[in-house]
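**Q** The structure is given below, and queries will be raised subsequently.
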Amino acid sequence: MLAASRIVISLPERRRESLEQAYRSAAAAKRRRTLLIGAGLVVGIVASGYAGEVNIERFVTGLPRFTSYISDIIPILRWPTLGADLSEWFWGWRKWLGLLLDTLLIAYLGTLFGALGAFALSFLASANLVRSRWLRISVRRYLELCRTVPEIVYALIFVFAFGLGPLPGVIAIAIHTMGALGKLFAEVVENIDMKPVEGATACGASWLEAVRYAVLPQVLPGFASYALLRFEINVRGASVLGFVGAGGIGKELMASIRQFYYGDVSAILLIVIATVIVIDMLTETLRHRLIGSMEKP
Amino acid sequence: MLNRRTLIGVAAGAMLGLTAIGAQAADWKSQYPELVFAVVPSENAAGVVDRYTPFAEYLSKELGTKVTLRVANDYTAVIEGMKNKQIQIGFYGPGSYAKAYKVSDGNVEAFVTTVNQDGSIGYHSVMYVMAESMFKSIDDLKGKNLGMVDVESTSGFKAPSYYLQAEGKPVDKYFANAQVTGSHENAVIALTQGTVDAALNWWNSDIDSNLTRMLNKGMLKKADGTAMTSQDFRVVWKSPLLAGSPYAYLNDMPPELKEAIQKAFVEAPQKAPDAFAKLSDGKDKAFSPVTHKDYEDFVKLNEWLETQRKSS
Amino acid sequence: MTSAIRNAALSRRAEIEARYPRMIRPSPRRHMLGAGLVLLMAGVAIFGLDRVGFSFAKLLDGLDRLGLVIGLMIPPSPGPMLMTYLGGLAETIAIAFLGTLIAAVLGFPISLLAAKNVIANRIVHFLARRSLDTLRGVETLIWALIFINVVGLGPFAGILAIALSDTGSFGKLFSEAIEASDRRPVEGVRSAGGSALHSIWFGILPQVFPVLASQVLYYFESNTRSATIIGIVGAGGIGLYLANEIQQAEWPRVAFLILMILVTVAAIDFISSKLRFAIIGKSRLAR
């Protein structure tokens, strides 16, 4: 230790100063950057708080209402009468399970058709398969457009065009999914090993044949994995499309909330949450299998 | 014995008494520096602000405390707001008032309703179709699409559900699709756009209904751009007379405040005739005091709707 | 096309098939599984289409009407509502910003609980993960409806809705990043005498911070999109105007609002990408 300090002292003055200065300016630069980000955040918070009508007082007075709302919507379950209490709470289970099935089907059909569309377009958007830059960019922009408009906005417009019911919901999810999956699929395609493609073309395969035999086997597991992820997201999305009349359980949930049928609100919420959790777990196991199979040589 | 001391005593007592009452009256002002007055748009939000602002200003002046106008999305928001005591005065339909009463455990009380030009109180629910359509009566609408207003709307959902059921045409079975459109205006627009084949709306008389208000504002245009007239619409069903839409306040407010509010409303046609007239395009005559008893039928209607729901 | 090459390649087919039978003819079992899966999916699809009342007539009718609507959308124009819309847009961005921030702040401590390498207790880990899943599972719009009952209509409810549903997402993502972090800095801090908190602050946090910040920025963009629609149920932002104008069939205004949303999201995406690259790029250089 003493030896080390002696070494420091024996550094020439100029050298030590320049080192110290470099250190100080680096530390100062870092501090300035942190302060800048901090200041930016503070400004952002204050401005947003103003624009967002944030009112701490209202929140604090409202907080007990959150718990009282939760207690409002959960009915009283007594142990001796548990069976009767439960069947009264879930009085509408047949109707609700039917609507839940509708919701799942809307999500399924939307994901399926969206994935098919994305499948077709993703090859056209990949840099390693399509040489025409113009074509790639227009397909990419189109997919981006489909993806950015929120599903529920599509649903609102499609309900107007196609009428009430699940059909506009399916189309809304399909278009949004096509945009979202299209981008992800294209990334998968761009990450493949080009050697099989080169090999196929070297044997005289056409573009389509090369895609079918060289690209497809490599990308299918990845495609399926993303599609399953998207299905899970779409189940959640489909559950609220009913708010605007596009079918599924959302309409019942909305009607129950709006008419203060508290027990129904909690019953339907529980059904939706349970479904989402189950689908979550199922898709996760399936995806692990797929990603596992992808890593096999 | 009437001497100076008694007189001074009585005068002092009276003054103390008056200041005590005045202090109590002033008391509610300190408790309520702001009164929130919530209305639901039976038309779009901007139109409602326009319509109600002069009246809110009159109330502020008359009551001596700030009256803030709040436009709520739908009756549910007003009901929720009064349940949480964030709203002190609300404008309801009879059915949504009854729901508010139940949800707040009776803390919401109706105090006035509007009187029509001809002195009658109350209104109707009607079902419109486009005059050029092939629907001549409600019998032609079996299996078609119906546009309702909102699940808490009396004329737009509750009353028709009840009366049509009684006529053997339960709304959710008789029509292919009975959808809520969000507001009375939206229901009419959905009708003109062809999204629905028939629409429910409120109706006072042929010259006073949501439809006439929309037509007067030039909101409805045909495909070629010309304005629609009432000739373009046909009424295929009308409900019996419904109780008048009530204004309601929170029951647990000080009695002096409640009296002052009711008085301000009742005296409005005299004290602020322009502000009052603006509320209804001049079609209403006055405010008439009411109590909760006048709406007990609608409490029963809500209960009926709830049991209906569970049995369908 | 060089059919000469093709023919040459195909002529060797019998030879190749003999040498690599499995490649040319995969086992019949795999074929049947594949075919079975496709049949199943098609079957469910047909059942579903029937149940949702699909018919080509309906589809074509609707596309017709849609075409009309799109035609009426051109040219997009806000009418007299420009200032109102811009106000709504400001509200939307504010909702996204604060919602994301609050979610990050709330999500971080919960993520520590949900990370296997921070808290060894399996029960705590399980409970934390399940509650995060529940938060995530409830769609933001539904949270918005609940918070409207708590704090009333308006953007505040929207902020809380986004904050809560994102807390679930961040909690899960952060905990995965923490679980994937290097144990050695933590062990180093511990062996130098640091407490558990020290080991988190000095050992884990510097490692995961770039990843966390990157995810927060990514979600900010995604939340901007969510914030545009929660107005539909009254939780503030531009969604209310959008829903109103669609219901009132004011198509030029609808188109204008959609354009506003697209531009805003693109801008936030751009800023978010730049910042994310700066953070991740720098951390990569640091290593």
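Letters A, B, ... mark the chains of the structure tokens in the order given; residue numbers begin at 1 per chain; ligand numbers begin at 1, in order shown.
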Using only C-alpha atoms and a distance of at most 10 Å, pull out the residues of chain B that contact chain C, as a ChimeraX atom specification.
**A** /B:44-45,72-74,76-78,80-81,83-84,86,181-183,185-190,193,219
**Q** I'd like a table as a tab-separated table: residues in chain B with an atom no more than 10 Å from chain A, each row giving the shortest atom pair and its distance in Å to one decimal, only C-alpha atoms counted, sorted by chain and rising residue number.
**A**
```
residue	atom	partner	partner_atom	distance
B:Asp74	CA	A:Arg258	CA	9.0
B:Tyr75	CA	A:Arg258	CA	8.6
B:Thr76	CA	A:Arg258	CA	5.6
B:Ala77	CA	A:Arg258	CA	8.4
B:Ile79	CA	A:Phe260	CA	9.4
B:Glu80	CA	A:Phe260	CA	9.0
B:Asn84	CA	A:Arg65	CA	8.1
B:Ser96	CA	A:Gln259	CA	9.2
B:Lys99	CA	A:Gln259	CA	8.1
B:Ala100	CA	A:Phe260	CA	9.6
B:Lys102	CA	A:Phe260	CA	9.9
B:Val103	CA	A:Phe260	CA	7.5
B:Asn145	CA	A:Leu164	CA	9.0
B:Asp150	CA	A:Arg258	CA	8.9
B:Val151	CA	A:Gln259	CA	6.7
B:Glu152	CA	A:Gln259	CA	6.6
B:Asn177	CA	A:Leu164	CA	7.4
B:Ala178	CA	A:Leu164	CA	9.1
B:Gln179	CA	A:Gly245	CA	7.4
B:Val180	CA	A:Gly245	CA	8.3
B:Thr181	CA	A:Val244	CA	8.9
B:Gly182	CA	A:Val244	CA	9.6
B:Ala190	CA	A:Phe160	CA	8.6
B:Gln193	CA	A:Phe160	CA	8.9
B:Gly194	CA	A:Phe160	CA	9.1
B:Thr195	CA	A:Phe160	CA	6.3
B:Val196	CA	A:Gly163	CA	8.4
B:Asn302	CA	A:Gln259	CA	9.8
B:Glu306	CA	A:Tyr261	CA	8.5
B:Arg309	CA	A:Gly92	CA	9.2
B:Lys310	CA	A:Gly92	CA	7.0
B:Ser311	CA	A:Gly92	CA	9.2
B:Ser312	CA	A:Lys95	CA	9.4
```
**Q** Can those selected residues be exported to a file as a compact mmCIF listing (two decimals), in the first residue's frame so that it contains C-alpha atoms?
**A**
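And here is the file that came out, result33.txt:
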```txt
# COMPACT_ATOMS: atom_id res chain seq x y z
CA ASP B 74 -73.48 8.86 -20.10
CA TYR B 75 -75.89 8.45 -17.21
CA THR B 76 -73.61 5.84 -15.66
CA ALA B 77 -70.95 8.48 -15.14
CA ILE B 79 -74.74 7.97 -11.24
CA GLU B 80 -71.20 7.00 -10.29
CA ASN B 84 -68.96 9.15 -4.89
CA SER B 96 -81.45 6.32 -14.56
CA LYS B 99 -80.85 3.49 -10.62
CA ALA B 100 -78.95 6.36 -9.00
CA LYS B 102 -80.58 2.51 -5.57
CA VAL B 103 -76.84 2.68 -6.18
CA ASN B 145 -81.63 -4.13 -36.49
CA ASP B 150 -77.54 3.50 -23.83
CA VAL B 151 -78.25 0.90 -21.15
CA GLU B 152 -79.26 3.58 -18.65
CA ASN B 177 -79.62 -7.07 -33.31
CA ALA B 178 -80.45 -4.50 -30.67
CA GLN B 179 -77.36 -2.38 -30.25
CA VAL B 180 -76.52 0.60 -28.09
CA THR B 181 -75.29 3.51 -30.13
CA GLY B 182 -74.08 5.70 -27.28
CA ALA B 190 -77.03 5.32 -37.23
CA GLN B 193 -76.55 5.94 -42.24
CA GLY B 194 -78.31 2.63 -42.55
CA THR B 195 -76.37 1.00 -39.75
CA VAL B 196 -79.70 0.25 -38.06
CA ASN B 302 -85.23 -1.38 -12.98
CA GLU B 306 -82.73 -7.07 -13.77
CA ARG B 309 -81.86 -10.26 -17.76
CA LYS B 310 -81.37 -13.29 -15.61
CA SER B 311 -84.24 -15.25 -17.05
CA SER B 312 -83.46 -14.71 -20.72
```
**Q** Which neighbours of Glu88 of chain A fall inside 10 Å, counting only C-alpha atoms, when residues of the same chain fewer than 5 positions from it are skipped, and could you give them as a ChimeraX atom specification?
**A** /A:75,82-83,93,263-264
**Q** Pick out the residues sitting within 8 Å of segment 6-15 of chain C, and hand them over as a list of chain:residue names; count only C-alpha atoms, and ignore anything fewer than 4 positions along from it in its own chain.
**A** A:Cys203, A:Gly204, A:Ala205, C:Thr2, C:Arg19
**Q** Output the selection as a short mmCIF file (atom, residue, chain, number, x, y, z; two decimals), in the first residue's frame - C-alpha atoms for each residue.
**A**
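Now in result_10.cif:
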```
data_model
loop_
_atom_site.label_atom_id
_atom_site.label_comp_id
_atom_site.auth_asym_id
_atom_site.auth_seq_id
_atom_site.Cartn_x
_atom_site.Cartn_y
_atom_site.Cartn_z
CA CYS A 203 -30.00 -26.57 -58.88
CA GLY A 204 -32.30 -24.46 -60.99
CA ALA A 205 -35.12 -23.83 -58.54
CA THR C 2 -31.51 -22.89 -66.78
CA ARG C 19 -28.44 -42.17 -49.85
#
```
**Q** Write out as an NGL selection string every residue belonging to chain A that has an atom at most 8 Å from any atom of chain C, counting only C-alpha atoms.
**A** :A and (44-45 or 47-49 or 51-55 or 58-59 or 62-63 or 65-66 or 69 or 102 or 105-106 or 108-109 or 145 or 148-150 or 152-153 or 156-158 or 161-163 or 165-167 or 202-206 or 236-237 or 240 or 272-273 or 276-277)
**Q** I need the chosen residues saved as a short mmCIF file (atom, residue, chain, number, x, y, z; two decimals), in the first residue's frame, with C-alpha atoms.
**A**
```
data_model
loop_
_atom_site.label_atom_id
_atom_site.label_comp_id
_atom_site.auth_asym_id
_atom_site.auth_seq_id
_atom_site.Cartn_x
_atom_site.Cartn_y
_atom_site.Cartn_z
CA GLY A 44 -41.84 15.87 -18.71
CA ILE A 45 -43.51 14.84 -15.48
CA ALA A 47 -46.00 18.98 -18.16
CA SER A 48 -47.70 15.60 -18.30
CA GLY A 49 -49.12 16.07 -14.84
CA ALA A 51 -51.97 17.92 -19.31
CA GLY A 52 -53.11 14.72 -17.67
CA GLU A 53 -55.03 16.47 -14.91
CA VAL A 54 -53.12 14.58 -12.29
CA ASN A 55 -54.52 15.40 -8.92
CA ARG A 58 -58.20 13.22 -5.97
CA PHE A 59 -56.12 10.07 -6.18
CA GLY A 62 -60.14 7.97 -4.61
CA LEU A 63 -57.89 5.21 -3.33
CA ARG A 65 -62.89 3.91 -3.52
CA PHE A 66 -60.70 1.44 -5.38
CA TYR A 69 -65.20 -0.90 -5.63
CA ASP A 102 -67.06 -16.26 -29.44
CA LEU A 105 -62.97 -17.75 -32.01
CA ILE A 106 -62.62 -14.09 -32.95
CA TYR A 108 -58.36 -17.48 -33.46
CA LEU A 109 -59.80 -16.47 -36.81
CA LEU A 145 -49.79 1.11 -41.46
CA THR A 148 -50.12 1.21 -36.04
CA VAL A 149 -53.83 1.80 -36.17
CA PRO A 150 -55.16 0.25 -32.96
CA ILE A 152 -60.33 -1.08 -31.69
CA VAL A 153 -60.25 1.80 -34.13
CA LEU A 156 -65.22 0.91 -34.74
CA ILE A 157 -65.00 1.60 -38.45
CA PHE A 158 -65.70 -1.98 -39.46
CA ALA A 161 -69.28 -0.97 -42.47
CA PHE A 162 -70.07 -4.61 -41.72
CA GLY A 163 -72.70 -4.21 -39.03
CA GLY A 165 -71.41 -8.72 -34.47
CA PRO A 166 -68.19 -10.70 -34.43
CA LEU A 167 -67.34 -10.35 -38.12
CA ALA A 202 -27.92 -23.51 -57.96
CA CYS A 203 -30.00 -26.57 -58.88
CA GLY A 204 -32.30 -24.46 -60.99
CA ALA A 205 -35.12 -23.83 -58.54
CA SER A 206 -37.45 -20.89 -59.24
CA ARG A 236 -56.94 -10.11 -24.63
CA GLY A 237 -57.72 -7.67 -27.41
CA VAL A 240 -62.57 -5.70 -25.22
CA VAL A 272 -61.70 -13.35 -18.68
CA ILE A 273 -58.66 -13.34 -16.40
CA VAL A 276 -56.09 -15.29 -20.39
CA ILE A 277 -53.94 -17.09 -17.82
#
```
**Q** Extract, using only C-alpha atoms, all DNA, RNA and protein residues at most 9 Å from Phe123 of chain A, discarding same-chain residues fewer than 6 positions from it, and format them as a PDB file with N, CA and C atoms, in the first residue's frame.
**A**
```
ATOM      1  N   LEU A 129     -34.437 -11.844 -49.875  1.00  0.00           N
ATOM      2  CA  LEU A 129     -35.165 -12.597 -50.893  1.00  0.00           C
ATOM      3  C   LEU A 129     -35.662 -11.718 -52.034  1.00  0.00           C
ATOM      4  N   VAL A 130     -35.833 -10.453 -51.740  1.00  0.00           N
ATOM      5  CA  VAL A 130     -36.390  -9.579 -52.761  1.00  0.00           C
ATOM      6  C   VAL A 130     -35.400  -8.476 -53.046  1.00  0.00           C
ATOM      7  N   GLY A 182     -46.333  -9.488 -39.827  1.00  0.00           N
ATOM      8  CA  GLY A 182     -45.584  -9.294 -41.058  1.00  0.00           C
ATOM      9  C   GLY A 182     -44.181  -8.822 -40.766  1.00  0.00           C
ATOM     10  N   PHE A 185     -42.270 -11.714 -38.976  1.00  0.00           N
ATOM     11  CA  PHE A 185     -41.954 -12.783 -39.923  1.00  0.00           C
ATOM     12  C   PHE A 185     -40.802 -12.352 -40.839  1.00  0.00           C
ATOM     13  N   ALA A 186     -40.863 -11.109 -41.289  1.00  0.00           N
ATOM     14  CA  ALA A 186     -39.807 -10.643 -42.194  1.00  0.00           C
ATOM     15  C   ALA A 186     -38.457 -10.694 -41.496  1.00  0.00           C
ATOM     16  N   VAL A 189     -37.262 -14.216 -41.541  1.00  0.00           N
ATOM     17  CA  VAL A 189     -36.787 -14.588 -42.869  1.00  0.00           C
ATOM     18  C   VAL A 189     -35.408 -14.005 -43.123  1.00  0.00           C
ATOM     19  N   GLU A 190     -35.202 -12.751 -42.666  1.00  0.00           N
ATOM     20  CA  GLU A 190     -33.914 -12.128 -42.954  1.00  0.00           C
ATOM     21  C   GLU A 190     -32.790 -12.753 -42.161  1.00  0.00           C
ATOM     22  N   VAL A 211     -38.122 -20.652 -52.082  1.00  0.00           N
ATOM     23  CA  VAL A 211     -38.791 -20.285 -50.845  1.00  0.00           C
ATOM     24  C   VAL A 211     -39.401 -21.517 -50.209  1.00  0.00           C
TER      25      VAL A 211
END
```
**Q** Can you measure atom CA of Thr53 of chain B to atom CA of Lys221 of chain B for me? One decimal in Å is fine.
**A**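 Interatomic distance, atom CA of Thr53 of chain B to atom CA of Lys221 of chain B: 27.9 Å.
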**Q** Considering only C-alpha atoms, return as a VMD selection string whatever protein or nucleic-acid residues lie within 8 Å of Ala243 of chain B, sequence-local ones (same chain, fewer than 5 positions apart) excluded.
**A** chain B and resid 94 121 to 123 294 to 295
**Q** For C-alpha atoms, I'd like the residues from the last selection saved as a PDB file, in the first residue's frame.
**A**
```
ATOM      1  CA  PRO B  94     -86.584   8.650 -14.819  1.00  0.00           C
ATOM      2  CA  ILE B 121     -95.297  16.806 -17.626  1.00  0.00           C
ATOM      3  CA  GLY B 122     -93.546  13.819 -19.102  1.00  0.00           C
ATOM      4  CA  TYR B 123     -92.425  12.530 -22.458  1.00  0.00           C
ATOM      5  CA  ASP B 294     -93.051  10.238  -8.313  1.00  0.00           C
ATOM      6  CA  TYR B 295     -90.437   7.803  -9.546  1.00  0.00           C
TER       7      TYR B 295
END
```
**Q** Do you know which residues are at most 9 Å from segment 69-71 of chain B counting only C-alpha atoms, after dropping those on the same chain fewer than 3 positions away, and could you put them as a ChimeraX atom specification?
**A** /B:35-41,45,48-49,52-53,56,74,78,87
**Q** List every residue of segment 130-290 of chain B that DSSP, applied to the backbone, labels as alpha helix (DSSP H), and write the result as a PDB file with C-alpha atoms, in the first residue's frame.
**A**
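Resulting contents of states-v4.pdb:
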```pdb
ATOM      1  CA  ALA B 159     -89.062   1.859 -21.212  1.00  0.00           C
ATOM      2  CA  PRO B 160     -89.140   0.312 -24.710  1.00  0.00           C
ATOM      3  CA  SER B 161     -87.781  -2.954 -23.277  1.00  0.00           C
ATOM      4  CA  TYR B 162     -90.632  -3.020 -20.814  1.00  0.00           C
ATOM      5  CA  TYR B 163     -93.480  -1.933 -23.045  1.00  0.00           C
ATOM      6  CA  LEU B 164     -92.416  -3.923 -26.088  1.00  0.00           C
ATOM      7  CA  GLN B 165     -92.157  -7.044 -23.974  1.00  0.00           C
ATOM      8  CA  ALA B 166     -95.692  -6.406 -22.782  1.00  0.00           C
ATOM      9  CA  VAL B 171     -86.445  -6.467 -27.744  1.00  0.00           C
ATOM     10  CA  ASP B 172     -83.606  -8.968 -27.737  1.00  0.00           C
ATOM     11  CA  LYS B 173     -85.627 -11.691 -29.462  1.00  0.00           C
ATOM     12  CA  TYR B 174     -87.842  -9.735 -31.845  1.00  0.00           C
ATOM     13  CA  HIS B 184     -79.816   9.780 -28.772  1.00  0.00           C
ATOM     14  CA  GLU B 185     -77.995  11.610 -31.525  1.00  0.00           C
ATOM     15  CA  ASN B 186     -75.917   8.598 -32.438  1.00  0.00           C
ATOM     16  CA  ALA B 187     -79.061   6.501 -32.700  1.00  0.00           C
ATOM     17  CA  VAL B 188     -80.554   8.892 -35.251  1.00  0.00           C
ATOM     18  CA  ILE B 189     -77.296   9.114 -37.162  1.00  0.00           C
ATOM     19  CA  ALA B 190     -77.031   5.320 -37.229  1.00  0.00           C
ATOM     20  CA  LEU B 191     -80.548   5.279 -38.646  1.00  0.00           C
ATOM     21  CA  THR B 192     -79.772   7.778 -41.400  1.00  0.00           C
ATOM     22  CA  GLN B 193     -76.551   5.941 -42.244  1.00  0.00           C
ATOM     23  CA  ASN B 210     -84.264  15.038 -30.151  1.00  0.00           C
ATOM     24  CA  LEU B 211     -84.937  14.662 -33.844  1.00  0.00           C
ATOM     25  CA  THR B 212     -86.324  18.204 -34.184  1.00  0.00           C
ATOM     26  CA  ARG B 213     -83.325  19.565 -32.305  1.00  0.00           C
ATOM     27  CA  MET B 214     -80.963  17.793 -34.659  1.00  0.00           C
ATOM     28  CA  LEU B 215     -82.919  18.934 -37.703  1.00  0.00           C
ATOM     29  CA  ASN B 216     -82.925  22.523 -36.456  1.00  0.00           C
ATOM     30  CA  PRO B 255     -81.520  21.395   3.960  1.00  0.00           C
ATOM     31  CA  GLU B 256     -80.990  25.118   3.326  1.00  0.00           C
ATOM     32  CA  LEU B 257     -78.813  24.319   0.350  1.00  0.00           C
ATOM     33  CA  LYS B 258     -81.331  21.878  -1.043  1.00  0.00           C
ATOM     34  CA  GLU B 259     -84.149  24.389  -0.623  1.00  0.00           C
ATOM     35  CA  ALA B 260     -82.070  27.106  -2.257  1.00  0.00           C
ATOM     36  CA  ILE B 261     -81.300  24.867  -5.221  1.00  0.00           C
ATOM     37  CA  GLN B 262     -84.911  23.882  -5.725  1.00  0.00           C
ATOM     38  CA  LYS B 263     -86.005  27.518  -5.406  1.00  0.00           C
ATOM     39  CA  ALA B 264     -83.397  28.643  -7.923  1.00  0.00           C
ATOM     40  CA  PHE B 265     -84.630  26.110 -10.455  1.00  0.00           C
ATOM     41  CA  VAL B 266     -88.330  26.851  -9.950  1.00  0.00           C
ATOM     42  CA  GLU B 267     -87.792  30.610 -10.225  1.00  0.00           C
ATOM     43  CA  ALA B 268     -85.537  30.361 -13.251  1.00  0.00           C
ATOM     44  CA  PRO B 269     -88.188  31.089 -15.919  1.00  0.00           C
ATOM     45  CA  GLN B 270     -88.817  34.392 -14.220  1.00  0.00           C
ATOM     46  CA  LYS B 271     -85.361  35.321 -13.034  1.00  0.00           C
ATOM     47  CA  PRO B 273     -85.763  33.604 -18.910  1.00  0.00           C
ATOM     48  CA  ASP B 274     -83.109  33.485 -21.635  1.00  0.00           C
ATOM     49  CA  ALA B 275     -80.903  31.010 -19.822  1.00  0.00           C
ATOM     50  CA  PHE B 276     -83.951  28.877 -19.072  1.00  0.00           C
ATOM     51  CA  ALA B 277     -85.263  29.014 -22.608  1.00  0.00           C
ATOM     52  CA  LYS B 278     -81.910  28.001 -24.009  1.00  0.00           C
ATOM     53  CA  LEU B 279     -82.085  24.707 -22.148  1.00  0.00           C
TER      54      LEU B 279
END
```
**Q** Using DSSP on the backbone coordinates, identify the residues of segment 9-240 of chain B assigned to strand (DSSP E or B); present them as a PyMOL selection string.
**A** chain B and resi 34-39+66-71+89-91+108-116+121+123-130+145-148+177-180+198-205+208-209+221+227+233-238
**Q** Using only C-alpha atoms, which of B:Ser137, B:Asn107, B:Ser60, B:Asn204 sits nearest Glu34 of chain B?
**A** B:Ser60
**Q** Give the answer as one residue: which of B:Met134, B:Leu250, B:Leu63, B:Val299 has the shortest atom-to-atom distance to Ala110 of chain B, using only C-alpha atoms?
**A**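 Of B:Met134, B:Leu250, B:Leu63, B:Val299, the one nearest Ala110 of chain B, counting only C-alpha atoms, is B:Leu250.
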**Q** In Å, with one decimal, what is the gap from atom CA of Met228 of chain B to atom CA of Ala131 of chain B?
**A**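 These atoms are spaced 11.1 Å apart.
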